[in-house]
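The structure under discussion appears below in the form of structure tokens.
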Amino acid sequence: MMAERVDNVYRTTGSQWLLPVTEYLGFPLALVNFLACQLFALSFAFWFRLYLSPRRSSPLVRHTVAALLGVIFIVFCFGWYSTHLLAVVLANYLIIIQADITNVHRYSMVVAMGYLTVCQVSRVLIFKYEILSTDFSGPLMIMTQKITSLAFQLHDGMCKKADKLTAEQKLLAISVKPTLVEYLSYNLNFLSVLVGPFNNYKDYINFIEGTHISSKLEQQRASMTNGKNGYHKCPDPSPLNAVCQKLLVCCVCMLFFFIITRSLPITYNVHPHFVSHALFITRLTYAFFSIQAARPKFYFAWTLGDVINNAAGFGFSGMDEHGKATWNLLSNLNIMRVETATSVKTFIDNWNIQTGNWLKMVCYNRAPRHRLVLTFILSALWHGIYPGYYFTFITAIPLTLAARAVRKSFRHYFLGSRSLKLAYDVLTWASTQLAICYMVMPFLLLAVEPTMVYYRSMYFHMHILSILAVIVLHPKFKSKVISAITKATTQISFSQCLSVHCNNNDKLH
């Protein structure tokens, strides 16, 4: 067993150069390679912004350098597995160039998602449930988002009339096919090739050509009623403050991971002795805290990816009401809103934000009907084929619908005073966090058997409560209940009146 565990630590298809570091720290070699590339990317991003800026270099040079370094990263981390990433990018570029533009978005979606699914299946068959710290499916998932979004935006710009597009679709529509260098740079650039975040093609091209900040300021200025905000006077705000703040978040998350997360393993939720001997409230409490403790590793990875882009000058989102630059365009989460979410929707909207934007862009905003269900299905397929993913996304549907119904039915009763509103917020925060804990546990357990063990230990309470809430609070059901109550009340009143009338008649006789 010990030899097998050591073999898993050192196993990787990527470079072996950092094996001494792995032996010294005891971390998996794949994870060490990933962190080394991300730290190098962070330092190179500063150089890219300062010494390879649009003023000093042409877009072609910037595209080429960004793409080449990204290719080096994936070869270093994944070895021959990087051919999967290169193959899907080149195949989809051929689709864009050769396919009928009216169907290019469909072809790209089928090819990119199909290839991702095949790779996810092989990943399960090869590694079973022993996921490596990093594997090529992560970058492939980001590339799938970029490939499909570009195809849809190209279809919007070259096939659809302007009056058929939403305001956001008009803003992101692409009217000219990208060159090979532009396409490779967008999909393989060193800023986001390993962990993302997903970004739109137009934003990336503006960044490479040096119009990223000015275009965002122009959009913000156009949205102002008077147009006199003075933002044009500071076209190049520095990302240094944002980078330092986000790096501090990364350090805190890493510290939390080593101190807290490792002491609260997710798998203990389905440990036979714990399930059979612990009280329900104990199991519920441990599940809550173990899920909370699992989040910082996601916070770390996503925030570090955001930092790398910001350090290169990419990710500017405009000026706030105080005239300070904000760098949240590519942020993948809002930690404060996640931790204080008072509804499932608020949590989802602030967790993995860029993936949420992609799902809205290619599915939710385009599906003619059943938008919520289709979006959850696409999200599950994109994440992979582990059964736990599907348990999570299927469970999310009734929980989301129930949260909507409860909010619509009861929230207005608590808006009369500040104390009532505070009580409502506390209650909905607690219920939301417990619902999220229940919903995402299978996502981390992965397999069917531990998921069912967990559900049984929780007595399926969230499934039952959410489905009951959806049924009972449905407008048609409520109207039937009200109608039945009204009818019953009328009958009772009539019976009482009849009884009184009969009593009066008896007295007269």
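Starting from 1 in every chain, residues are counted up; chains themselves are A, B, ... following the order of the structure tokens, and ligands are numbered from 1 as listed.
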
Report task. Please identify all polymer residues within 12 Å of Arg283 (chain A), counting only C-alpha atoms, omitting same-chain residues fewer than 4 positions from it, and present them as JSON, numbers by chain. Result -> {"A": [266, 268, 269, 270, 271, 272, 273, 274, 275, 276, 277, 278, 279, 287, 288, 289, 290, 434, 437, 438, 454, 455, 456, 457, 458, 459]}

Would you save the residues from that selection as a short mmCIF file (atom, residue, chain, number, x, y, z; two decimals), in the first residue's frame, using N, CA, C and O atoms?
```
data_model
loop_
_atom_site.label_atom_id
_atom_site.label_comp_id
_atom_site.auth_asym_id
_atom_site.auth_seq_id
_atom_site.Cartn_x
_atom_site.Cartn_y
_atom_site.Cartn_z
N ILE A 266 -13.55 15.18 3.61
CA ILE A 266 -14.91 14.99 3.13
C ILE A 266 -15.35 13.53 3.30
O ILE A 266 -16.51 13.25 3.63
N TYR A 268 -14.95 11.46 5.53
CA TYR A 268 -15.39 11.05 6.87
C TYR A 268 -16.91 11.14 7.00
O TYR A 268 -17.50 10.49 7.87
N ASN A 269 -17.56 11.93 6.13
CA ASN A 269 -19.02 12.01 6.15
C ASN A 269 -19.69 10.67 5.87
O ASN A 269 -20.84 10.47 6.27
N VAL A 270 -18.99 9.77 5.17
CA VAL A 270 -19.57 8.47 4.84
C VAL A 270 -18.80 7.33 5.49
O VAL A 270 -18.95 6.17 5.10
N HIS A 271 -18.01 7.65 6.50
CA HIS A 271 -17.29 6.60 7.23
C HIS A 271 -18.31 5.74 7.99
O HIS A 271 -19.20 6.27 8.67
N PRO A 272 -18.25 4.42 7.86
CA PRO A 272 -19.27 3.55 8.46
C PRO A 272 -19.50 3.80 9.94
O PRO A 272 -20.65 3.86 10.41
N HIS A 273 -18.42 3.94 10.72
CA HIS A 273 -18.56 4.15 12.16
C HIS A 273 -19.23 5.49 12.45
O HIS A 273 -20.12 5.59 13.31
N PHE A 274 -18.85 6.54 11.72
CA PHE A 274 -19.43 7.87 11.93
C PHE A 274 -20.91 7.87 11.58
O PHE A 274 -21.74 8.41 12.31
N VAL A 275 -21.26 7.24 10.45
CA VAL A 275 -22.66 7.22 10.00
C VAL A 275 -23.54 6.43 10.96
O VAL A 275 -24.68 6.83 11.25
N SER A 276 -23.02 5.34 11.50
CA SER A 276 -23.84 4.45 12.33
C SER A 276 -23.93 4.89 13.78
O SER A 276 -24.90 4.55 14.48
N HIS A 277 -22.94 5.67 14.27
CA HIS A 277 -22.92 6.00 15.69
C HIS A 277 -23.19 7.47 16.01
O HIS A 277 -23.66 7.78 17.10
N ALA A 278 -22.89 8.36 15.08
CA ALA A 278 -23.07 9.79 15.36
C ALA A 278 -24.54 10.19 15.23
O ALA A 278 -25.29 9.62 14.42
N LEU A 279 -24.95 11.14 16.06
CA LEU A 279 -26.31 11.67 15.98
C LEU A 279 -26.50 12.44 14.67
O LEU A 279 -25.53 12.92 14.07
N ALA A 287 -20.84 17.75 8.25
CA ALA A 287 -21.00 17.96 6.81
C ALA A 287 -20.89 19.44 6.47
O ALA A 287 -20.21 19.83 5.50
N PHE A 288 -21.50 20.28 7.28
CA PHE A 288 -21.46 21.73 7.04
C PHE A 288 -20.02 22.25 7.09
O PHE A 288 -19.56 22.93 6.18
N PHE A 289 -19.30 21.91 8.16
CA PHE A 289 -17.95 22.45 8.32
C PHE A 289 -16.95 21.82 7.34
O PHE A 289 -16.01 22.49 6.90
N SER A 290 -17.14 20.56 6.97
CA SER A 290 -16.22 19.93 6.01
C SER A 290 -16.39 20.53 4.62
O SER A 290 -15.41 20.70 3.88
N LEU A 434 -26.84 25.21 4.38
CA LEU A 434 -27.11 23.78 4.58
C LEU A 434 -27.56 23.12 3.28
O LEU A 434 -27.19 21.97 2.99
N CYS A 437 -24.49 22.69 1.13
CA CYS A 437 -23.71 21.57 1.67
C CYS A 437 -24.29 20.24 1.19
O CYS A 437 -23.56 19.37 0.72
N TYR A 438 -25.60 20.09 1.31
CA TYR A 438 -26.28 18.87 0.89
C TYR A 438 -26.15 18.66 -0.61
O TYR A 438 -25.97 17.54 -1.08
N TYR A 454 -24.39 8.88 2.06
CA TYR A 454 -24.58 10.22 2.62
C TYR A 454 -26.05 10.62 2.61
O TYR A 454 -26.58 11.11 3.62
N TYR A 455 -26.73 10.41 1.48
CA TYR A 455 -28.15 10.77 1.39
C TYR A 455 -28.98 10.02 2.44
O TYR A 455 -29.87 10.60 3.08
N ARG A 456 -28.71 8.73 2.60
CA ARG A 456 -29.46 7.95 3.60
C ARG A 456 -29.17 8.45 5.01
O ARG A 456 -30.07 8.49 5.86
N SER A 457 -27.91 8.82 5.26
CA SER A 457 -27.57 9.33 6.60
C SER A 457 -28.25 10.67 6.87
O SER A 457 -28.48 11.03 8.03
N MET A 458 -28.59 11.40 5.81
CA MET A 458 -29.31 12.67 5.94
C MET A 458 -30.82 12.50 5.76
O MET A 458 -31.55 13.49 5.74
N TYR A 459 -31.27 11.26 5.57
CA TYR A 459 -32.70 10.94 5.41
C TYR A 459 -33.34 11.65 4.22
O TYR A 459 -34.54 11.89 4.21
#
```

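Listed by chain and then by rising number, the residues of region 175-345 of chain A that DSSP assigns to strand (DSSP E) from the backbone are Gly318, Met319, Ala325 and Thr326 of chain A.
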
Query raised in the report: Between A:Tyr81, A:Trp382, A:Phe152, A:Tyr364, which has the minimum distance to Met113 (chain A) (counting only C-alpha atoms)?
Result: A:Trp382

Closest atom pairs, region 258-315 of chain A residues within 10 Å of region 184-193 of chain A, only C-alpha atoms, as a tab-separated table:
```
residue	atom	partner	partner_atom	distance
A:Gly305	CA	A:Ser192	CA	6.6
A:Asp306	CA	A:Ser192	CA	8.6
A:Val307	CA	A:Leu191	CA	9.4
A:Ile308	CA	A:Leu191	CA	6.1
A:Asn309	CA	A:Leu191	CA	5.6
A:Asn310	CA	A:Leu191	CA	9.3
A:Ala311	CA	A:Leu191	CA	9.5
A:Ala312	CA	A:Leu191	CA	8.1
A:Phe314	CA	A:Leu191	CA	9.2
```

Query raised in the report: Contacts of Tyr424 (chain A) at 10 Å or less, counting only C-alpha atoms, minus same-chain residues fewer than 6 places along, as a PyMOL selection string?
Result: chain A and resi 342+410-411+413-415+418

Requested in this report: Record the distance separating CA of Leu333 (chain A) and CA of Asn352 (chain A), expressed in Å with one decimal.
Outcome: 5.5 Å

Requested in this report: Find the residues around Lys408 (chain A) up to 12 Å (only C-alpha atoms counted), leave out those fewer than 4 positions away in its own chain, and share them as number ranges by chain.
Outcome: A: 343, 401-404, 412-414, 469-470, 473-475

Report task. Pull the alpha helix (DSSP H) assignments for region 167-294 of chain A out of DSSP run on the backbone, and list those residues as number ranges by chain. Result -> A: 167-172, 180-188, 201-209, 212-223, 240-259, 272-277, 280-294

Could you give me, as JSON lines, a per-residue list for region 279-377 of chain A showing, wherever an atom lies at most 9 Å from an atom of region 385-396 of chain A, the closest pair of atoms and their distance in Å to one decimal, using only C-alpha atoms and sorting by chain then residue number from low to high?
```
{"residue": "A:Val344", "atom": "CA", "partner": "A:Ala396", "partner_atom": "CA", "distance": 8.5}
{"residue": "A:Val373", "atom": "CA", "partner": "A:Ile394", "partner_atom": "CA", "distance": 8.5}
{"residue": "A:Phe376", "atom": "CA", "partner": "A:Phe393", "partner_atom": "CA", "distance": 5.8}
{"residue": "A:Ile377", "atom": "CA", "partner": "A:Phe393", "partner_atom": "CA", "distance": 7.3}
```

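Residue nearest Val426 (chain A) within the list A:Ser317, A:Thr340, A:Val118, A:Asp100: A:Thr340 [criterion: smallest interatomic distance, only C-alpha atoms].
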
Report summary line: Judged by only C-alpha atoms, the minimum distance to Phe27 (chain A) among A:Phe298, A:Phe258, A:Glu168, A:Pro265 is found for A:Phe258
